[in-house]
Structures are given as structure tokens and as C-alpha cells.
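Peer 1: Structure provided below as C-alpha cells; questions to follow.
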Amino acid sequence: MTIDLKPEQQRAIDLAVRSGAYQNPGEVLDQAFAIIREQLDLEDWMLEQRESNAAHIEKGFAQAETPATEIAGATKDENAGGYFLQIKHPQ
């Protein structure tokens, strides 16, 4: 396969090799492709997280809209004039 590089791309590859960080242009391109793959994987992960977070947010809003009388464990406190939910933390 033959790829025509723009002059600035060729200069970047040449500079990387001259710096001693890479032995040849192939190593520079291997590293560049590895970085691209990592970025694409990260974008996929971020999309999955965004969808998961959106589902959690939607669930939270639905719970927030639920009247206190419908929440399991909610107790009416006549003195406070409302409902409360006592949460026990695991030991």
C-alpha cells in the first residue's frame, strides 16, 4: 500500500525518528495507530457510561416524583408534619 503524506505529516514523522524516540517511521505510525485505537475505545466506554448514567438519572427523577406515601419504609411524623425515611447503614 502506498500512502501520500502531507509535508507537515512527513516532517512530524521525521522529527520523531530524529529525536531518537523511534527507530523508523513504521514505529511512529504504530504508536499513532495505538493512540487512535485507545481513543476510540475510550469514546466507546464514555458512550456506554453516558447511557448508563442517563438510566440512573431517569430512575432518580422517577423516584423523586413518587409521593412519600408510596415509598416503602416511609413513616408519617405528625410532629414534623410530613413523612420521613430512616436509612440504616450496613455495619
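Letters for chains follow the order of the C-alpha cells (A, B, ...), residue numbers begin at 1 for each chain, and ligand numbers begin at 1 in the order shown.
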List the spatial neighbours of stretch 25-33 of chain A as a PyMOL selection string - criterion: any atom at most 8 Å away, only C-alpha atoms, same-chain residues fewer than 3 positions off excluded.
Peer 2: chain A and resi 13-14+16-17+22+36-37
Peer 1: For the residues selected in the previous step, produce a file with C-alpha atoms as an mmCIF file, in the first residue's frame.
Peer 2:
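Contents of the output file again_38.cif:
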```
data_model
loop_
_atom_site.group_PDB
_atom_site.id
_atom_site.type_symbol
_atom_site.label_atom_id
_atom_site.label_comp_id
_atom_site.auth_asym_id
_atom_site.auth_seq_id
_atom_site.Cartn_x
_atom_site.Cartn_y
_atom_site.Cartn_z
ATOM 1 C CA ILE A 13 7.425 11.588 11.418
ATOM 2 C CA ASP A 14 10.967 12.630 10.522
ATOM 3 C CA ALA A 16 10.023 11.819 15.846
ATOM 4 C CA VAL A 17 12.651 9.491 14.319
ATOM 5 C CA TYR A 22 11.549 5.875 17.404
ATOM 6 C CA ILE A 36 -6.106 6.229 17.875
ATOM 7 C CA ARG A 37 -7.326 2.782 18.982
#
```
Peer 1: In Å, rounded to a single decimal, give me how far atom CA of A:Asn24 is from atom CA of A:Ile3.
Peer 2: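 Result for atom CA of A:Ile3 versus atom CA of A:Asn24: 16.1 Å, one decimal.
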